[in-house]
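> First the structure, then my questions, so here it is.
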Amino acid sequence: MAPFIGSREHKELLCKFFVETHDPYKPAELAWPKLDEDARKRLASLPIWEEAVRTEADTALAVITMGQAEKDPMLSEAISLQGYEEQRHAEILKLLTQKYGIPVPEFTAHRPPDPDWAFMRIGYGECFDSFFAFGLFALARDSGFFPPELVTMFEPVMAEEGRHIIFHVNWVAYNQAQLPYATKPAYVFRRGLAMWLQMVSRFKTALRVKGKNDRAQDNFTMSAHKSFGDISPREFVELCLAENAKRLKPYDKRLLRPEFVPAVAKAVLKTLPKKPVAEAVAA
Ligand SMILES: [Fe+2]
Ligand SMILES: [Fe+2]
């Protein structure tokens with residue numbers, strides 16, 4: 001029997017899953033909760049807004065460009081819909097910063113010269129970011145850091161990022177399987193390079209901030225859990241793994257799930273102390 005991954009059925013299932021699970025909400029219709037001054041200040045103090053607004057705007061334009069460049073009509077429709085969802089994330093963030101008086105400098109997104117390469121890099125970046133974002137979101141929800149109405153409003157954004165990373169790993173696997181044998185190694189290299197560059201960029205920002213704490217914003221993915229209460233690195237990684245599994249579970253079992261970041265996280269978990277260091281020493 002021919003393998004499912006890379007088949008026409010695989011592509012059809014991937015596009016069908018993506019289009020059918022799209023949530024047609026409109027950012028302008030969202031009911032923004034009224035925040036008291038303390039809650040507003042807590043929200044505004046998170047060092048993420050400038051980076052988040054920029055990332056979503058750049059991502060939206062890159063994914064829309066890829067949707068236009070894709071020759072396969074079915075894939076083009078799904079990728080364009082993903083571009084629309086990213087555009088919506090950018091719009092929601094803009095509305096949020098306006099609504100709650102969070103100053104963010106004006107930013108113009110840039111169209112990528114090579115949409116396929118940009119889309120591949122974005123996908124790997126999202127696999128990394130979403131893994132931590134799912135854990136952070138659960139922390140924010142359960143710690144009461146944000147009012148529950150605001151958390152509920154962002155639930156669809158989290159669900160969308162889960163669908164995006166499933167789309168990404170399947171899109172890469174489908175394209176790779178489609179290639180003639182001779183060109184496969186080049187694609188595997190391109191894919192590995194995209195993944196590597198995204199990882200390097202995440203670690204670079206983390207190290208830069210560790211050395212010089214003047215761009216706290218860049219370090220959000222790595223250290224934001226501390227903003228939401230007292231949680232050990234081990235508990236945080238465990239939470240990210242559990243949230244990641246929960247978010248990616250509801251979709252068709254035949255579709256691939258991102259495996260690399262959870263596997264690295266599981267390996268890291270083995271090196272982390274079971275109890276916070278201070279407690280372990282006192283015991
Ligand atoms: Fe997004
Ligand atoms: Fe996304």
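Lettering and numbering for the structure tokens are positional, with chains as A, B, ... in the shown order, residues counted from 1 in each chain, and ligands counted from 1 in the shown order.
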Please extract the residues of segment 105-258 of chain A with a backbone DSSP assignment of helix (DSSP H, G or I) and present them as a PyMOL selection string.

chain A and resi 115-143+148-178+181-211+216-228+233-248

> Please identify all protein, DNA and RNA residues within 10 Å of ligand 1, counting only C-alpha atoms and all ligand atoms, and report them as a PDB file with N, CA and C atoms, in the first residue's frame.


```pdb
ATOM      1  N   ALA A  52       5.337  41.346  19.674  1.00  0.00           N
ATOM      2  CA  ALA A  52       4.171  40.577  19.241  1.00  0.00           C
ATOM      3  C   ALA A  52       3.488  41.255  18.050  1.00  0.00           C
ATOM      4  N   VAL A  53       3.323  42.570  18.118  1.00  0.00           N
ATOM      5  CA  VAL A  53       2.667  43.303  17.027  1.00  0.00           C
ATOM      6  C   VAL A  53       3.487  43.159  15.733  1.00  0.00           C
ATOM      7  N   THR A  55       5.784  40.769  14.992  1.00  0.00           N
ATOM      8  CA  THR A  55       5.825  39.386  14.514  1.00  0.00           C
ATOM      9  C   THR A  55       4.546  39.027  13.783  1.00  0.00           C
ATOM     10  N   GLU A  56       3.394  39.377  14.368  1.00  0.00           N
ATOM     11  CA  GLU A  56       2.129  39.004  13.727  1.00  0.00           C
ATOM     12  C   GLU A  56       1.956  39.722  12.390  1.00  0.00           C
ATOM     13  N   ALA A  57       2.351  41.007  12.316  1.00  0.00           N
ATOM     14  CA  ALA A  57       2.181  41.753  11.058  1.00  0.00           C
ATOM     15  C   ALA A  57       3.096  41.187   9.969  1.00  0.00           C
ATOM     16  N   ASP A  58       4.349  40.899  10.325  1.00  0.00           N
ATOM     17  CA  ASP A  58       5.284  40.325   9.350  1.00  0.00           C
ATOM     18  C   ASP A  58       4.819  38.940   8.899  1.00  0.00           C
ATOM     19  N   THR A  59       4.390  38.145   9.886  1.00  0.00           N
ATOM     20  CA  THR A  59       3.937  36.783   9.578  1.00  0.00           C
ATOM     21  C   THR A  59       2.731  36.836   8.646  1.00  0.00           C
ATOM     22  N   ALA A  60       1.770  37.725   8.956  1.00  0.00           N
ATOM     23  CA  ALA A  60       0.559  37.821   8.133  1.00  0.00           C
ATOM     24  C   ALA A  60       0.918  38.112   6.681  1.00  0.00           C
ATOM     25  N   GLN A  82      -4.851  30.843   6.289  1.00  0.00           N
ATOM     26  CA  GLN A  82      -3.907  30.997   7.408  1.00  0.00           C
ATOM     27  C   GLN A  82      -3.386  32.438   7.451  1.00  0.00           C
ATOM     28  N   GLY A  83      -3.135  33.004   6.255  1.00  0.00           N
ATOM     29  CA  GLY A  83      -2.691  34.403   6.178  1.00  0.00           C
ATOM     30  C   GLY A  83      -3.745  35.337   6.750  1.00  0.00           C
ATOM     31  N   TYR A  84      -5.010  35.026   6.443  1.00  0.00           N
ATOM     32  CA  TYR A  84      -6.117  35.838   6.975  1.00  0.00           C
ATOM     33  C   TYR A  84      -6.143  35.736   8.512  1.00  0.00           C
ATOM     34  N   GLU A  85      -5.920  34.530   9.016  1.00  0.00           N
ATOM     35  CA  GLU A  85      -5.931  34.347  10.484  1.00  0.00           C
ATOM     36  C   GLU A  85      -4.787  35.113  11.136  1.00  0.00           C
ATOM     37  N   GLU A  86      -3.621  35.119  10.481  1.00  0.00           N
ATOM     38  CA  GLU A  86      -2.481  35.865  11.044  1.00  0.00           C
ATOM     39  C   GLU A  86      -2.765  37.369  11.017  1.00  0.00           C
ATOM     40  N   GLN A  87      -3.410  37.792   9.943  1.00  0.00           N
ATOM     41  CA  GLN A  87      -3.804  39.199   9.827  1.00  0.00           C
ATOM     42  C   GLN A  87      -4.739  39.573  10.979  1.00  0.00           C
ATOM     43  N   ARG A  88      -5.612  38.644  11.282  1.00  0.00           N
ATOM     44  CA  ARG A  88      -6.568  38.852  12.367  1.00  0.00           C
ATOM     45  C   ARG A  88      -5.843  38.940  13.713  1.00  0.00           C
ATOM     46  N   HIS A  89      -4.792  38.115  13.901  1.00  0.00           N
ATOM     47  CA  HIS A  89      -4.004  38.213  15.146  1.00  0.00           C
ATOM     48  C   HIS A  89      -3.388  39.607  15.261  1.00  0.00           C
ATOM     49  N   ALA A  90      -2.848  40.083  14.135  1.00  0.00           N
ATOM     50  CA  ALA A  90      -2.225  41.411  14.144  1.00  0.00           C
ATOM     51  C   ALA A  90      -3.262  42.474  14.508  1.00  0.00           C
ATOM     52  N   ILE A 122       8.821  30.551   9.105  1.00  0.00           N
ATOM     53  CA  ILE A 122       7.738  30.947  10.018  1.00  0.00           C
ATOM     54  C   ILE A 122       7.164  29.710  10.707  1.00  0.00           C
ATOM     55  N   GLU A 126       7.019  29.043  14.605  1.00  0.00           N
ATOM     56  CA  GLU A 126       5.747  28.864  15.325  1.00  0.00           C
ATOM     57  C   GLU A 126       5.726  27.568  16.128  1.00  0.00           C
ATOM     58  N   SER A 130       4.875  28.353  19.830  1.00  0.00           N
ATOM     59  CA  SER A 130       3.568  27.876  20.300  1.00  0.00           C
ATOM     60  C   SER A 130       3.727  26.925  21.473  1.00  0.00           C
ATOM     61  N   VAL A 157      -7.199  32.396  19.389  1.00  0.00           N
ATOM     62  CA  VAL A 157      -5.856  32.657  18.834  1.00  0.00           C
ATOM     63  C   VAL A 157      -4.943  31.465  19.138  1.00  0.00           C
ATOM     64  N   MET A 158      -5.033  30.958  20.355  1.00  0.00           N
ATOM     65  CA  MET A 158      -4.220  29.789  20.734  1.00  0.00           C
ATOM     66  C   MET A 158      -4.590  28.574  19.877  1.00  0.00           C
ATOM     67  N   GLU A 160      -5.815  28.606  16.962  1.00  0.00           N
ATOM     68  CA  GLU A 160      -5.323  28.816  15.598  1.00  0.00           C
ATOM     69  C   GLU A 160      -3.846  28.486  15.469  1.00  0.00           C
ATOM     70  N   GLU A 161      -3.064  28.875  16.468  1.00  0.00           N
ATOM     71  CA  GLU A 161      -1.627  28.569  16.382  1.00  0.00           C
ATOM     72  C   GLU A 161      -1.411  27.050  16.389  1.00  0.00           C
ATOM     73  N   GLY A 162      -2.242  26.327  17.131  1.00  0.00           N
ATOM     74  CA  GLY A 162      -2.158  24.859  17.126  1.00  0.00           C
ATOM     75  C   GLY A 162      -2.425  24.309  15.728  1.00  0.00           C
ATOM     76  N   HIS A 164      -2.037  25.952  12.947  1.00  0.00           N
ATOM     77  CA  HIS A 164      -0.966  26.396  12.042  1.00  0.00           C
ATOM     78  C   HIS A 164       0.239  25.446  12.099  1.00  0.00           C
TER      79      HIS A 164
END
```

> Quick one: contact table of segment 96-213 of chain A to segment 237-249 of chain A, 9 Å max, nearest atom pair and distance in Å to one decimal per residue, counting only C-alpha atoms, chain and number order, as a Markdown table?


```
| residue | atom | partner | partner_atom | distance |
| --- | --- | --- | --- | --- |
| A:Ser130 | CA | A:Asn244 | CA | 8.2 |
| A:Phe131 | CA | A:Asn244 | CA | 6.0 |
| A:Phe132 | CA | A:Cys240 | CA | 5.9 |
| A:Ala133 | CA | A:Cys240 | CA | 7.9 |
| A:Phe134 | CA | A:Glu243 | CA | 5.8 |
| A:Gly135 | CA | A:Cys240 | CA | 4.1 |
| A:Leu136 | CA | A:Cys240 | CA | 7.7 |
| A:Ala138 | CA | A:Glu243 | CA | 7.5 |
| A:Leu139 | CA | A:Leu239 | CA | 8.5 |
| A:Met158 | CA | A:Arg247 | CA | 8.5 |
| A:Ala159 | CA | A:Arg247 | CA | 7.0 |
| A:Gly162 | CA | A:Leu248 | CA | 6.1 |
| A:Arg163 | CA | A:Leu248 | CA | 7.7 |
| A:Ile166 | CA | A:Leu248 | CA | 7.6 |
```

> If I take atom CA of Ala173 of chain A and atom CA of His10 of chain A, how far is one from the other in Å, to one decimal?

9.8 Å

> Just want the 8 Å neighbourhood of Phe18 of chain A, counted on only C-alpha atoms, with same-chain residues fewer than 3 positions away dropped. Output as a ChimeraX atom specification.

/A:14-15,21-22,78,163,167

> Of the residues A:Phe236, A:Phe17, A:Phe128, A:Trp196, which is the one nearest to ligand 2, using only C-alpha atoms and all ligand atoms?

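With only C-alpha atoms and all ligand atoms as the atom set, the closest residue is A:Phe128.
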
> Separation of atom CA of Ala31 of chain A and atom CA of Leu150 of chain A, in Å?

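So the answer is 9.1 Å.
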
> Pick out the residues sitting within 12 Å of Glu37 of chain A, and hand them over as a list in words; count only C-alpha atoms, and ignore anything fewer than 6 positions along from it in its own chain.

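After dropping sequence-adjacent residues, the list is Leu43, Ala44, Ser45, Tyr100 and Gly101 of chain A.
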
> Neighbours of Gly144 of chain A within 12 Å (only C-alpha atoms; same-chain residues fewer than 2 positions away dropped), as a ChimeraX atom specification?

/A:39,42-43,137-142,146-151,227-229

> So which one's closest to ligand 2, A:Ile79, A:Gln68, A:Glu12, A:Leu269? Using only C-alpha atoms and all ligand atoms, please.

A:Ile79

> Find the distance between atom CA of Leu96 of chain A and atom CA of Phe203 of chain A and write it in Å to one decimal.

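Separating atom CA of Leu96 of chain A from atom CA of Phe203 of chain A is a distance of 28.4 Å.
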